[in-house]
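First the structure, in the form of structure tokens, and then the observations on it.
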Amino acid sequence: MWAVDLQVMLVVGFLVMLQVQHSLQLRSSHPMHGVVDKINENAGPYIGLVMTFPTEELALIDSTFFVPSSEIPWVDLAGRRFNIGTIKGVDVIYVMTGEQTVNAGITVQILLDTFDIIGIVHYRIAGSSNDSLYIGDVSVPNYVAYTGSWTWQEFRSAEESMTELKFGDFNIPEKGENLLAMIDFTLQQLYSVGKPMEEVFWLPIDPKLFNIASELQDVKLQQCVNESYCLPETPKVVYGLRGSTADIYLDNAAYREFLFKAFNVSTVDEESAAIVMTSLSNGVPCIVFRGVSDYAGGEGLLSSASLTYLAAVNALSVAVEFIGLFGEEAAIHDH
């Protein structure tokens with residue numbers, strides 16, 4: 001009996017060794033294998049700075065905060081360009097993911113698999129679903145959720161939760177029945193290192209990074225688009241709100257109001273939950289900074305390219321100051 005068990009263990013161990021060797025051979029055969037090794041050996045560990053849209057990368061380039069590496073300034077992997085350098089003396093690799101959750105999740109996973117990353121900093125624009133959050137403000141959420149996953153109920157099916165969206169409630173001129181019936185928002189499956197799969201709705205922002213970010217309330221944000229036009233409200237950094245992610249560009253007042261009332265979310269976007277979930281799965285801390293560029297269909301200023309750029313600049317400003325503080329905290333911890 002013991003001999004059989006030993007034989008089984010030896011066979012399993014041999015198969016695992018073959019799989020590991022095969023994996024290493026695949027990794028070694030990649031044309032960028034040597035370049036990536038040099039990047040990880042020359043500097044780091046790095047902060048992964050993640051944005052999704054060209055306007056946000058333009059804000060970073062215009063700011064001149066990012067100083068490219070003189071040795072290997074960038075490397076292209078899976079169609080994405082990973083830029084290597086520093087911000088405020090802190091080693092950083094920044095990458096533009098592309099829009100929506102699939103692009104965001106894939107890119108962050110490549111970043112974490114390839115480079116020595118100690119934290120993910122995500123900045124981008126967002127729509128406001130909270131009437132107290134204005135264009136130019138920067139939200140630092142402590143929770144985000146993916147609100148684009150639904151169970152579509154049958155017509156006249158029984159209500160199951162308080163957060164179901166009943167289409168009949170939005171009939172005009174008055175509420176009534178609707179053949180589209182209603183949708184129920186579903187939980188997400190979170191896989192993470194050393195833990196069983198969990199079904200979750202809210203994804204938490206790393207508390208240590210959130211505490212560091214809470215020191216940035218006095219960061220000066222841009223209020224004026226140009227010399228002749230300034231926002232009516234002085235932009236501010238707001239902490240502890242909740243964010244909603246879906247593969248939907250929201251420009252609808254009724255759904256905006258529903259999200260705020262049902263889930264108390266203050267910003268809507270297309271990537272944050274995917275970036276946070278990927279970070280959680282890999283055990284890497286993550287923080288999100290979202291600059292408000294529009295009201296997601298609500299009343300107020302109409303979105304424009306200039307307001308989008310201002311929102312990106314403000315989100316970047318907070319992210320850059322955070323990176324500086326994070327670097328200081330890491331230096332103190334090392335000592």
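Residues in the structure tokens are named by chain (A, B, ... in the order shown) and by number from 1 within that chain; ligands are numbered from 1 in the order shown.
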Exercise for review: Skip Asp116 (chain A) itself and residues of its chain fewer than 6 positions away, then list as a ChimeraX atom specification all residues within 9 Å of it, counting only C-alpha atoms.
Suggested key: /A:40,44-47
Using the selection just defined, write its residues with N, CA, C and O atoms as a compact mmCIF listing (two decimals), in the first residue's frame.
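Wrote part-v3.txt, looks like this:
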```txt
# COMPACT_ATOMS: atom_id res chain seq x y z
N ASN A 40 13.58 44.29 -14.54
CA ASN A 40 13.34 43.90 -13.14
C ASN A 40 14.62 43.91 -12.31
O ASN A 40 14.58 44.11 -11.09
N GLY A 44 13.31 48.93 -9.49
CA GLY A 44 12.17 48.29 -8.87
C GLY A 44 12.44 47.92 -7.41
O GLY A 44 13.55 48.12 -6.92
N PRO A 45 11.43 47.36 -6.74
CA PRO A 45 10.12 47.06 -7.30
C PRO A 45 9.38 48.33 -7.75
O PRO A 45 9.68 49.43 -7.30
N TYR A 46 8.42 48.15 -8.64
CA TYR A 46 7.75 49.27 -9.30
C TYR A 46 6.33 49.46 -8.80
O TYR A 46 5.67 48.52 -8.35
N ILE A 47 5.85 50.69 -8.93
CA ILE A 47 4.42 50.95 -8.86
C ILE A 47 3.89 50.84 -10.28
O ILE A 47 4.46 51.41 -11.22
```
Using DSSP on the backbone coordinates, identify the residues of region 81-322 of chain A assigned to strand (DSSP E); present them as an mmCIF file with N, CA, C and O atoms, in the first residue's frame.
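Final output, saved to part13.cif:
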```cif
data_model
loop_
_atom_site.group_PDB
_atom_site.id
_atom_site.type_symbol
_atom_site.label_atom_id
_atom_site.label_comp_id
_atom_site.auth_asym_id
_atom_site.auth_seq_id
_atom_site.Cartn_x
_atom_site.Cartn_y
_atom_site.Cartn_z
ATOM 1 N N ARG A 81 2.034 49.016 -24.664
ATOM 2 C CA ARG A 81 3.362 49.566 -24.386
ATOM 3 C C ARG A 81 3.494 49.828 -22.888
ATOM 4 O O ARG A 81 2.732 50.617 -22.292
ATOM 5 N N PHE A 82 4.465 49.188 -22.275
ATOM 6 C CA PHE A 82 4.753 49.359 -20.855
ATOM 7 C C PHE A 82 5.954 50.297 -20.747
ATOM 8 O O PHE A 82 7.049 49.982 -21.213
ATOM 9 N N ASN A 83 5.723 51.477 -20.154
ATOM 10 C CA ASN A 83 6.722 52.537 -20.087
ATOM 11 C C ASN A 83 7.431 52.513 -18.739
ATOM 12 O O ASN A 83 6.782 52.557 -17.688
ATOM 13 N N ILE A 84 8.755 52.471 -18.779
ATOM 14 C CA ILE A 84 9.557 52.304 -17.557
ATOM 15 C C ILE A 84 10.225 53.631 -17.220
ATOM 16 O O ILE A 84 10.806 54.288 -18.089
ATOM 17 N N GLY A 85 10.154 54.043 -15.955
ATOM 18 C CA GLY A 85 10.784 55.285 -15.536
ATOM 19 C C GLY A 85 10.522 55.577 -14.072
ATOM 20 O O GLY A 85 10.350 54.653 -13.263
ATOM 21 N N THR A 86 10.485 56.865 -13.739
ATOM 22 C CA THR A 86 10.245 57.280 -12.356
ATOM 23 C C THR A 86 9.268 58.448 -12.308
ATOM 24 O O THR A 86 9.132 59.210 -13.268
ATOM 25 N N ILE A 87 8.598 58.570 -11.182
ATOM 26 C CA ILE A 87 7.791 59.750 -10.841
ATOM 27 C C ILE A 87 8.167 60.144 -9.426
ATOM 28 O O ILE A 87 8.067 59.329 -8.511
ATOM 29 N N VAL A 90 10.339 57.726 -7.628
ATOM 30 C CA VAL A 90 9.801 56.398 -7.356
ATOM 31 C C VAL A 90 9.753 55.618 -8.672
ATOM 32 O O VAL A 90 9.287 56.124 -9.692
ATOM 33 N N ASP A 91 10.225 54.380 -8.643
ATOM 34 C CA ASP A 91 10.210 53.545 -9.841
ATOM 35 C C ASP A 91 8.770 53.220 -10.237
ATOM 36 O O ASP A 91 7.978 52.721 -9.425
ATOM 37 N N VAL A 92 8.461 53.508 -11.511
ATOM 38 C CA VAL A 92 7.089 53.361 -12.011
ATOM 39 C C VAL A 92 7.118 52.702 -13.385
ATOM 40 O O VAL A 92 7.998 52.975 -14.199
ATOM 41 N N ILE A 93 6.146 51.840 -13.627
ATOM 42 C CA ILE A 93 5.856 51.361 -14.981
ATOM 43 C C ILE A 93 4.415 51.752 -15.282
ATOM 44 O O ILE A 93 3.499 51.360 -14.557
ATOM 45 N N TYR A 94 4.237 52.581 -16.325
ATOM 46 C CA TYR A 94 2.865 52.958 -16.650
ATOM 47 C C TYR A 94 2.435 52.323 -17.963
ATOM 48 O O TYR A 94 3.234 52.093 -18.866
ATOM 49 N N VAL A 95 1.121 52.051 -18.050
ATOM 50 C CA VAL A 95 0.572 51.410 -19.234
ATOM 51 C C VAL A 95 -0.855 51.904 -19.456
ATOM 52 O O VAL A 95 -1.593 52.147 -18.501
ATOM 53 N N MET A 96 -1.219 52.079 -20.717
ATOM 54 C CA MET A 96 -2.592 52.403 -21.080
ATOM 55 C C MET A 96 -3.291 51.113 -21.492
ATOM 56 O O MET A 96 -2.841 50.416 -22.405
ATOM 57 N N ILE A 117 5.971 44.262 -9.317
ATOM 58 C CA ILE A 117 5.027 45.330 -8.986
ATOM 59 C C ILE A 117 4.604 45.211 -7.519
ATOM 60 O O ILE A 117 4.182 44.142 -7.073
ATOM 61 N N ILE A 118 4.698 46.336 -6.786
ATOM 62 C CA ILE A 118 4.307 46.320 -5.373
ATOM 63 C C ILE A 118 2.964 46.989 -5.120
ATOM 64 O O ILE A 118 2.427 46.919 -4.014
ATOM 65 N N GLY A 119 2.401 47.644 -6.130
ATOM 66 C CA GLY A 119 1.111 48.292 -5.961
ATOM 67 C C GLY A 119 0.606 48.827 -7.286
ATOM 68 O O GLY A 119 1.392 49.172 -8.170
ATOM 69 N N ILE A 120 -0.719 48.877 -7.421
ATOM 70 C CA ILE A 120 -1.351 49.411 -8.625
ATOM 71 C C ILE A 120 -2.024 50.733 -8.285
ATOM 72 O O ILE A 120 -2.819 50.818 -7.344
ATOM 73 N N VAL A 121 -1.704 51.762 -9.067
ATOM 74 C CA VAL A 121 -2.347 53.080 -8.955
ATOM 75 C C VAL A 121 -3.113 53.312 -10.252
ATOM 76 O O VAL A 121 -2.526 53.330 -11.335
ATOM 77 N N HIS A 122 -4.414 53.461 -10.142
ATOM 78 C CA HIS A 122 -5.257 53.665 -11.320
ATOM 79 C C HIS A 122 -5.873 55.058 -11.288
ATOM 80 O O HIS A 122 -6.501 55.436 -10.303
ATOM 81 N N TYR A 123 -5.666 55.819 -12.359
ATOM 82 C CA TYR A 123 -6.344 57.113 -12.461
ATOM 83 C C TYR A 123 -7.037 57.206 -13.811
ATOM 84 O O TYR A 123 -6.562 56.689 -14.815
ATOM 85 N N ARG A 124 -8.196 57.896 -13.800
ATOM 86 C CA ARG A 124 -8.947 58.064 -15.037
ATOM 87 C C ARG A 124 -10.094 59.030 -14.786
ATOM 88 O O ARG A 124 -10.328 59.445 -13.653
ATOM 89 N N ILE A 125 -10.827 59.379 -15.840
ATOM 90 C CA ILE A 125 -12.017 60.206 -15.699
ATOM 91 C C ILE A 125 -13.210 59.317 -15.337
ATOM 92 O O ILE A 125 -13.150 58.096 -15.437
ATOM 93 N N ALA A 126 -14.315 59.956 -14.929
ATOM 94 C CA ALA A 126 -15.533 59.209 -14.589
ATOM 95 C C ALA A 126 -16.722 60.143 -14.699
ATOM 96 O O ALA A 126 -16.591 61.375 -14.713
ATOM 97 N N GLY A 127 -17.909 59.538 -14.753
ATOM 98 C CA GLY A 127 -19.135 60.319 -14.648
ATOM 99 C C GLY A 127 -19.580 60.386 -13.202
ATOM 100 O O GLY A 127 -19.325 59.460 -12.420
ATOM 101 N N SER A 128 -20.247 61.473 -12.835
ATOM 102 C CA SER A 128 -20.755 61.612 -11.466
ATOM 103 C C SER A 128 -22.217 61.196 -11.411
ATOM 104 O O SER A 128 -23.042 61.656 -12.208
ATOM 105 N N VAL A 138 -12.152 65.009 -7.655
ATOM 106 C CA VAL A 138 -11.491 63.702 -7.757
ATOM 107 C C VAL A 138 -12.012 62.814 -6.633
ATOM 108 O O VAL A 138 -11.914 63.157 -5.455
ATOM 109 N N SER A 139 -12.576 61.684 -7.023
ATOM 110 C CA SER A 139 -13.084 60.711 -6.054
ATOM 111 C C SER A 139 -12.027 59.660 -5.769
ATOM 112 O O SER A 139 -11.402 59.117 -6.680
ATOM 113 N N VAL A 140 -11.835 59.387 -4.460
ATOM 114 C CA VAL A 140 -10.964 58.291 -4.025
ATOM 115 C C VAL A 140 -11.877 57.290 -3.325
ATOM 116 O O VAL A 140 -12.107 57.377 -2.119
ATOM 117 N N TYR A 143 -14.708 51.556 -2.016
ATOM 118 C CA TYR A 143 -15.291 50.348 -2.581
ATOM 119 C C TYR A 143 -15.710 50.614 -4.026
ATOM 120 O O TYR A 143 -16.146 51.722 -4.356
ATOM 121 N N VAL A 144 -15.587 49.589 -4.859
ATOM 122 C CA VAL A 144 -16.123 49.649 -6.218
ATOM 123 C C VAL A 144 -16.888 48.357 -6.474
ATOM 124 O O VAL A 144 -16.651 47.332 -5.829
ATOM 125 N N ALA A 145 -17.824 48.400 -7.420
ATOM 126 C CA ALA A 145 -18.620 47.212 -7.750
ATOM 127 C C ALA A 145 -18.825 47.146 -9.254
ATOM 128 O O ALA A 145 -18.859 48.178 -9.936
ATOM 129 N N TYR A 146 -18.967 45.915 -9.740
ATOM 130 C CA TYR A 146 -19.310 45.728 -11.149
ATOM 131 C C TYR A 146 -20.826 45.610 -11.250
ATOM 132 O O TYR A 146 -21.413 44.632 -10.793
ATOM 133 N N TRP A 150 -26.126 41.012 -14.819
ATOM 134 C CA TRP A 150 -27.528 40.948 -14.416
ATOM 135 C C TRP A 150 -28.126 39.566 -14.635
ATOM 136 O O TRP A 150 -27.697 38.810 -15.502
ATOM 137 N N THR A 151 -29.148 39.268 -13.851
ATOM 138 C CA THR A 151 -30.079 38.196 -14.167
ATOM 139 C C THR A 151 -31.363 38.854 -14.662
ATOM 140 O O THR A 151 -31.967 39.647 -13.935
ATOM 141 N N TRP A 152 -31.728 38.539 -15.907
ATOM 142 C CA TRP A 152 -32.931 39.167 -16.480
ATOM 143 C C TRP A 152 -34.144 38.307 -16.142
ATOM 144 O O TRP A 152 -34.234 37.147 -16.546
ATOM 145 N N LEU A 165 -34.084 46.263 -10.689
ATOM 146 C CA LEU A 165 -34.515 47.389 -11.519
ATOM 147 C C LEU A 165 -35.733 46.949 -12.313
ATOM 148 O O LEU A 165 -35.642 46.081 -13.179
ATOM 149 N N LYS A 166 -36.879 47.528 -12.009
ATOM 150 C CA LYS A 166 -38.128 47.203 -12.698
ATOM 151 C C LYS A 166 -38.367 48.232 -13.794
ATOM 152 O O LYS A 166 -38.527 49.427 -13.524
ATOM 153 N N MET A 182 -37.782 42.953 -15.339
ATOM 154 C CA MET A 182 -36.811 43.565 -14.432
ATOM 155 C C MET A 182 -35.503 42.790 -14.457
ATOM 156 O O MET A 182 -35.439 41.643 -14.900
ATOM 157 N N ILE A 183 -34.475 43.430 -13.964
ATOM 158 C CA ILE A 183 -33.161 42.793 -13.858
ATOM 159 C C ILE A 183 -32.714 42.796 -12.406
ATOM 160 O O ILE A 183 -33.054 43.695 -11.634
ATOM 161 N N ASP A 184 -31.963 41.753 -12.061
ATOM 162 C CA ASP A 184 -31.397 41.654 -10.724
ATOM 163 C C ASP A 184 -29.883 41.665 -10.858
ATOM 164 O O ASP A 184 -29.318 40.970 -11.717
ATOM 165 N N PHE A 185 -29.210 42.452 -10.060
ATOM 166 C CA PHE A 185 -27.760 42.597 -10.144
ATOM 167 C C PHE A 185 -27.088 41.405 -9.462
ATOM 168 O O PHE A 185 -27.435 41.052 -8.335
ATOM 169 N N GLN A 188 -20.164 38.785 -8.153
ATOM 170 C CA GLN A 188 -19.013 38.398 -8.963
ATOM 171 C C GLN A 188 -18.201 37.335 -8.227
ATOM 172 O O GLN A 188 -18.149 37.322 -6.993
ATOM 173 N N GLN A 189 -17.561 36.466 -8.973
ATOM 174 C CA GLN A 189 -16.717 35.422 -8.386
ATOM 175 C C GLN A 189 -15.287 35.941 -8.272
ATOM 176 O O GLN A 189 -14.638 36.229 -9.282
ATOM 177 N N LEU A 190 -14.824 36.069 -7.042
ATOM 178 C CA LEU A 190 -13.472 36.566 -6.778
ATOM 179 C C LEU A 190 -12.558 35.404 -6.411
ATOM 180 O O LEU A 190 -12.757 34.735 -5.394
ATOM 181 N N TYR A 191 -11.564 35.167 -7.258
ATOM 182 C CA TYR A 191 -10.528 34.168 -6.981
ATOM 183 C C TYR A 191 -9.280 34.899 -6.500
ATOM 184 O O TYR A 191 -8.871 35.886 -7.103
ATOM 185 N N SER A 192 -8.687 34.423 -5.417
ATOM 186 C CA SER A 192 -7.499 35.095 -4.895
ATOM 187 C C SER A 192 -6.545 34.067 -4.295
ATOM 188 O O SER A 192 -6.933 32.944 -3.957
ATOM 189 N N LYS A 195 -7.017 31.553 -0.979
ATOM 190 C CA LYS A 195 -8.379 31.635 -0.450
ATOM 191 C C LYS A 195 -9.334 30.905 -1.378
ATOM 192 O O LYS A 195 -9.101 30.839 -2.588
ATOM 193 N N PRO A 196 -10.419 30.386 -0.836
ATOM 194 C CA PRO A 196 -11.435 29.803 -1.717
ATOM 195 C C PRO A 196 -12.152 30.900 -2.490
ATOM 196 O O PRO A 196 -12.152 32.067 -2.087
ATOM 197 N N MET A 197 -12.773 30.523 -3.583
ATOM 198 C CA MET A 197 -13.529 31.491 -4.366
ATOM 199 C C MET A 197 -14.635 32.125 -3.516
ATOM 200 O O MET A 197 -15.312 31.453 -2.753
ATOM 201 N N GLU A 198 -14.784 33.435 -3.642
ATOM 202 C CA GLU A 198 -15.840 34.156 -2.926
ATOM 203 C C GLU A 198 -16.779 34.813 -3.935
ATOM 204 O O GLU A 198 -16.332 35.283 -4.982
ATOM 205 N N GLU A 199 -18.053 34.849 -3.592
ATOM 206 C CA GLU A 199 -18.998 35.633 -4.377
ATOM 207 C C GLU A 199 -19.193 36.967 -3.678
ATOM 208 O O GLU A 199 -19.598 37.023 -2.519
ATOM 209 N N VAL A 200 -18.863 38.049 -4.387
ATOM 210 C CA VAL A 200 -18.862 39.374 -3.770
ATOM 211 C C VAL A 200 -19.571 40.374 -4.683
ATOM 212 O O VAL A 200 -19.680 40.155 -5.893
ATOM 213 N N TRP A 202 -19.258 44.117 -3.540
ATOM 214 C CA TRP A 202 -18.347 45.242 -3.331
ATOM 215 C C TRP A 202 -16.909 44.759 -3.237
ATOM 216 O O TRP A 202 -16.614 43.812 -2.523
ATOM 217 N N LEU A 203 -16.034 45.422 -3.973
ATOM 218 C CA LEU A 203 -14.601 45.124 -3.951
ATOM 219 C C LEU A 203 -13.892 46.217 -3.161
ATOM 220 O O LEU A 203 -13.991 47.400 -3.510
ATOM 221 N N PRO A 204 -13.162 45.867 -2.111
ATOM 222 C CA PRO A 204 -12.542 46.883 -1.258
ATOM 223 C C PRO A 204 -11.228 47.413 -1.837
ATOM 224 O O PRO A 204 -10.436 46.666 -2.410
ATOM 225 N N CYS A 224 -9.644 76.051 -13.928
ATOM 226 C CA CYS A 224 -9.883 76.799 -15.161
ATOM 227 C C CYS A 224 -9.457 76.007 -16.391
ATOM 228 O O CYS A 224 -8.368 75.427 -16.430
ATOM 229 N N VAL A 225 -10.343 75.974 -17.389
ATOM 230 C CA VAL A 225 -10.030 75.343 -18.667
ATOM 231 C C VAL A 225 -9.051 76.203 -19.441
ATOM 232 O O VAL A 225 -8.113 75.720 -20.069
ATOM 233 N N ASN A 226 -9.279 77.518 -19.395
ATOM 234 C CA ASN A 226 -8.390 78.498 -20.026
ATOM 235 C C ASN A 226 -8.569 79.830 -19.319
ATOM 236 O O ASN A 226 -9.247 79.897 -18.285
ATOM 237 N N TYR A 229 -12.440 80.810 -19.165
ATOM 238 C CA TYR A 229 -13.480 79.951 -18.597
ATOM 239 C C TYR A 229 -12.949 79.132 -17.435
ATOM 240 O O TYR A 229 -11.976 78.376 -17.571
ATOM 241 N N CYS A 230 -13.633 79.272 -16.275
ATOM 242 C CA CYS A 230 -13.316 78.483 -15.087
ATOM 243 C C CYS A 230 -14.584 77.796 -14.590
ATOM 244 O O CYS A 230 -15.702 78.296 -14.789
ATOM 245 N N VAL A 237 -10.855 67.015 -3.542
ATOM 246 C CA VAL A 237 -10.618 65.580 -3.437
ATOM 247 C C VAL A 237 -11.612 65.032 -2.415
ATOM 248 O O VAL A 237 -11.709 65.541 -1.301
ATOM 249 N N VAL A 238 -12.360 64.003 -2.803
ATOM 250 C CA VAL A 238 -13.407 63.449 -1.952
ATOM 251 C C VAL A 238 -13.095 61.978 -1.669
ATOM 252 O O VAL A 238 -12.794 61.208 -2.584
ATOM 253 N N TYR A 239 -13.185 61.586 -0.397
ATOM 254 C CA TYR A 239 -12.785 60.246 0.032
ATOM 255 C C TYR A 239 -13.975 59.414 0.496
ATOM 256 O O TYR A 239 -14.974 59.942 0.982
ATOM 257 N N ARG A 242 -18.372 55.443 -3.140
ATOM 258 C CA ARG A 242 -18.419 54.153 -3.821
ATOM 259 C C ARG A 242 -18.518 54.367 -5.319
ATOM 260 O O ARG A 242 -19.162 55.308 -5.780
ATOM 261 N N GLY A 243 -17.869 53.470 -6.070
ATOM 262 C CA GLY A 243 -17.842 53.584 -7.517
ATOM 263 C C GLY A 243 -18.509 52.399 -8.186
ATOM 264 O O GLY A 243 -18.515 51.279 -7.663
ATOM 265 N N SER A 244 -19.080 52.649 -9.360
ATOM 266 C CA SER A 244 -19.752 51.618 -10.151
ATOM 267 C C SER A 244 -19.027 51.443 -11.477
ATOM 268 O O SER A 244 -18.665 52.424 -12.134
ATOM 269 N N THR A 245 -18.816 50.179 -11.866
ATOM 270 C CA THR A 245 -18.189 49.864 -13.153
ATOM 271 C C THR A 245 -19.120 49.003 -13.984
ATOM 272 O O THR A 245 -19.745 48.080 -13.461
ATOM 273 N N THR A 267 -19.674 57.578 -8.519
ATOM 274 C CA THR A 267 -19.047 57.680 -9.835
ATOM 275 C C THR A 267 -19.386 56.446 -10.656
ATOM 276 O O THR A 267 -19.595 55.359 -10.112
ATOM 277 N N VAL A 268 -19.420 56.635 -11.980
ATOM 278 C CA VAL A 268 -19.648 55.520 -12.899
ATOM 279 C C VAL A 268 -18.516 55.491 -13.907
ATOM 280 O O VAL A 268 -18.089 56.530 -14.414
ATOM 281 N N ASP A 269 -18.007 54.289 -14.174
ATOM 282 C CA ASP A 269 -16.898 54.154 -15.118
ATOM 283 C C ASP A 269 -16.948 52.782 -15.780
ATOM 284 O O ASP A 269 -17.891 52.022 -15.564
ATOM 285 N N CYS A 286 -4.141 48.023 -4.345
ATOM 286 C CA CYS A 286 -4.583 48.885 -5.447
ATOM 287 C C CYS A 286 -5.324 50.093 -4.893
ATOM 288 O O CYS A 286 -6.014 50.001 -3.876
ATOM 289 N N ILE A 287 -5.181 51.226 -5.570
ATOM 290 C CA ILE A 287 -5.885 52.463 -5.224
ATOM 291 C C ILE A 287 -6.423 53.088 -6.509
ATOM 292 O O ILE A 287 -5.824 52.920 -7.568
ATOM 293 N N VAL A 288 -7.568 53.770 -6.409
ATOM 294 C CA VAL A 288 -8.238 54.338 -7.584
ATOM 295 C C VAL A 288 -8.458 55.831 -7.382
ATOM 296 O O VAL A 288 -8.909 56.256 -6.309
ATOM 297 N N PHE A 289 -8.164 56.611 -8.431
ATOM 298 C CA PHE A 289 -8.436 58.052 -8.442
ATOM 299 C C PHE A 289 -9.240 58.358 -9.701
ATOM 300 O O PHE A 289 -8.754 58.144 -10.815
ATOM 301 N N ARG A 290 -10.451 58.860 -9.531
ATOM 302 C CA ARG A 290 -11.315 59.148 -10.664
ATOM 303 C C ARG A 290 -11.705 60.632 -10.682
ATOM 304 O O ARG A 290 -12.316 61.138 -9.750
ATOM 305 N N GLY A 291 -11.333 61.315 -11.772
ATOM 306 C CA GLY A 291 -11.672 62.720 -11.943
ATOM 307 C C GLY A 291 -12.996 62.855 -12.679
ATOM 308 O O GLY A 291 -13.206 62.243 -13.732
ATOM 309 N N VAL A 292 -13.910 63.650 -12.140
ATOM 310 C CA VAL A 292 -15.249 63.786 -12.726
ATOM 311 C C VAL A 292 -15.191 64.654 -13.985
ATOM 312 O O VAL A 292 -14.740 65.807 -13.944
ATOM 313 N N SER A 293 -15.669 64.092 -15.099
ATOM 314 C CA SER A 293 -15.656 64.807 -16.377
ATOM 315 C C SER A 293 -17.055 65.121 -16.886
ATOM 316 O O SER A 293 -17.214 65.926 -17.807
ATOM 317 N N ASP A 294 -18.086 64.469 -16.308
ATOM 318 C CA ASP A 294 -19.460 64.690 -16.782
ATOM 319 C C ASP A 294 -20.420 64.208 -15.705
ATOM 320 O O ASP A 294 -20.014 63.649 -14.696
#
```
Review point. What are the DSSP alpha helix (DSSP H) residues of region 261-306 of chain A, as a list in words?
Key: Lys261, Ala262, Phe263, Ser272, Ala273, Ala274, Ile275, Val276, Met277, Thr278, Ser279, Leu280, Ser281, Asn282, Ala305 and Ser306 of chain A
Can I get the selected residues back with N, CA, C and O atoms, as a compact mmCIF listing (two decimals), in the first residue's frame?
```txt
# COMPACT_ATOMS: atom_id res chain seq x y z
N LYS A 261 -29.45 55.76 -5.82
CA LYS A 261 -30.41 55.39 -4.77
C LYS A 261 -30.26 53.93 -4.35
O LYS A 261 -30.37 53.60 -3.16
N ALA A 262 -30.03 53.03 -5.30
CA ALA A 262 -29.99 51.60 -4.98
C ALA A 262 -28.67 51.19 -4.33
O ALA A 262 -28.65 50.36 -3.42
N PHE A 263 -27.56 51.79 -4.80
CA PHE A 263 -26.24 51.33 -4.35
C PHE A 263 -25.38 52.42 -3.73
O PHE A 263 -24.26 52.16 -3.29
N SER A 272 -12.72 50.39 -13.36
CA SER A 272 -12.17 50.33 -12.01
C SER A 272 -12.33 48.96 -11.35
O SER A 272 -11.39 48.43 -10.74
N ALA A 273 -13.53 48.37 -11.43
CA ALA A 273 -13.78 47.10 -10.75
C ALA A 273 -12.89 46.00 -11.32
O ALA A 273 -12.40 45.13 -10.58
N ALA A 274 -12.65 46.02 -12.63
CA ALA A 274 -11.79 45.00 -13.24
C ALA A 274 -10.35 45.14 -12.76
O ALA A 274 -9.67 44.14 -12.49
N ILE A 275 -9.88 46.37 -12.62
CA ILE A 275 -8.51 46.61 -12.17
C ILE A 275 -8.36 46.22 -10.70
O ILE A 275 -7.38 45.57 -10.31
N VAL A 276 -9.34 46.58 -9.88
CA VAL A 276 -9.29 46.23 -8.46
C VAL A 276 -9.39 44.72 -8.27
O VAL A 276 -8.65 44.12 -7.47
N MET A 277 -10.31 44.06 -9.01
CA MET A 277 -10.47 42.62 -8.86
C MET A 277 -9.20 41.87 -9.27
O MET A 277 -8.78 40.92 -8.59
N THR A 278 -8.57 42.29 -10.37
CA THR A 278 -7.33 41.64 -10.81
C THR A 278 -6.24 41.81 -9.76
O THR A 278 -5.48 40.88 -9.49
N SER A 279 -6.16 42.99 -9.17
CA SER A 279 -5.17 43.23 -8.12
C SER A 279 -5.44 42.36 -6.90
O SER A 279 -4.53 41.75 -6.33
N LEU A 280 -6.71 42.29 -6.49
CA LEU A 280 -7.07 41.45 -5.35
C LEU A 280 -6.74 39.99 -5.60
O LEU A 280 -6.24 39.27 -4.72
N SER A 281 -7.01 39.51 -6.82
CA SER A 281 -6.73 38.12 -7.14
C SER A 281 -5.26 37.78 -7.01
O SER A 281 -4.90 36.66 -6.66
N ASN A 282 -4.41 38.76 -7.28
CA ASN A 282 -2.96 38.54 -7.24
C ASN A 282 -2.33 38.96 -5.91
O ASN A 282 -1.11 38.87 -5.75
N ALA A 305 -14.29 68.04 -24.66
CA ALA A 305 -12.91 67.57 -24.66
C ALA A 305 -12.07 68.32 -23.64
O ALA A 305 -11.22 67.74 -22.96
N SER A 306 -12.33 69.62 -23.48
CA SER A 306 -11.54 70.43 -22.54
C SER A 306 -11.84 70.04 -21.10
O SER A 306 -10.93 69.98 -20.25
```
Review point. Near region 214-219 of chain A, counting only C-alpha atoms, which residues have an atom at most 12 Å away, once you skip same-chain residues fewer than 4 positions from it, shown as a PyMOL selection string?
Key: chain A and resi 137-142+207-210+234-240+287+289+314-326
Practice item. Would you mind listing what lies within 10 Å of Thr97 (chain A) as a list in words, with only C-alpha atoms counted and same-chain residues fewer than 3 positions away left out? Key: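 Returned residues: Val50, Met51, Thr52, Phe53, Pro54, Gly79, Arg80, Arg81, Phe82, Tyr94, Gln100, Thr101, Val102, Asn103, Ala104, Gly105, Ile106, Thr107, Val108, Glu271 and Ile275 of chain A.
What separates CA of Lys88 (chain A) from CA of Ser69 (chain A) is a distance of 13.2 Å.
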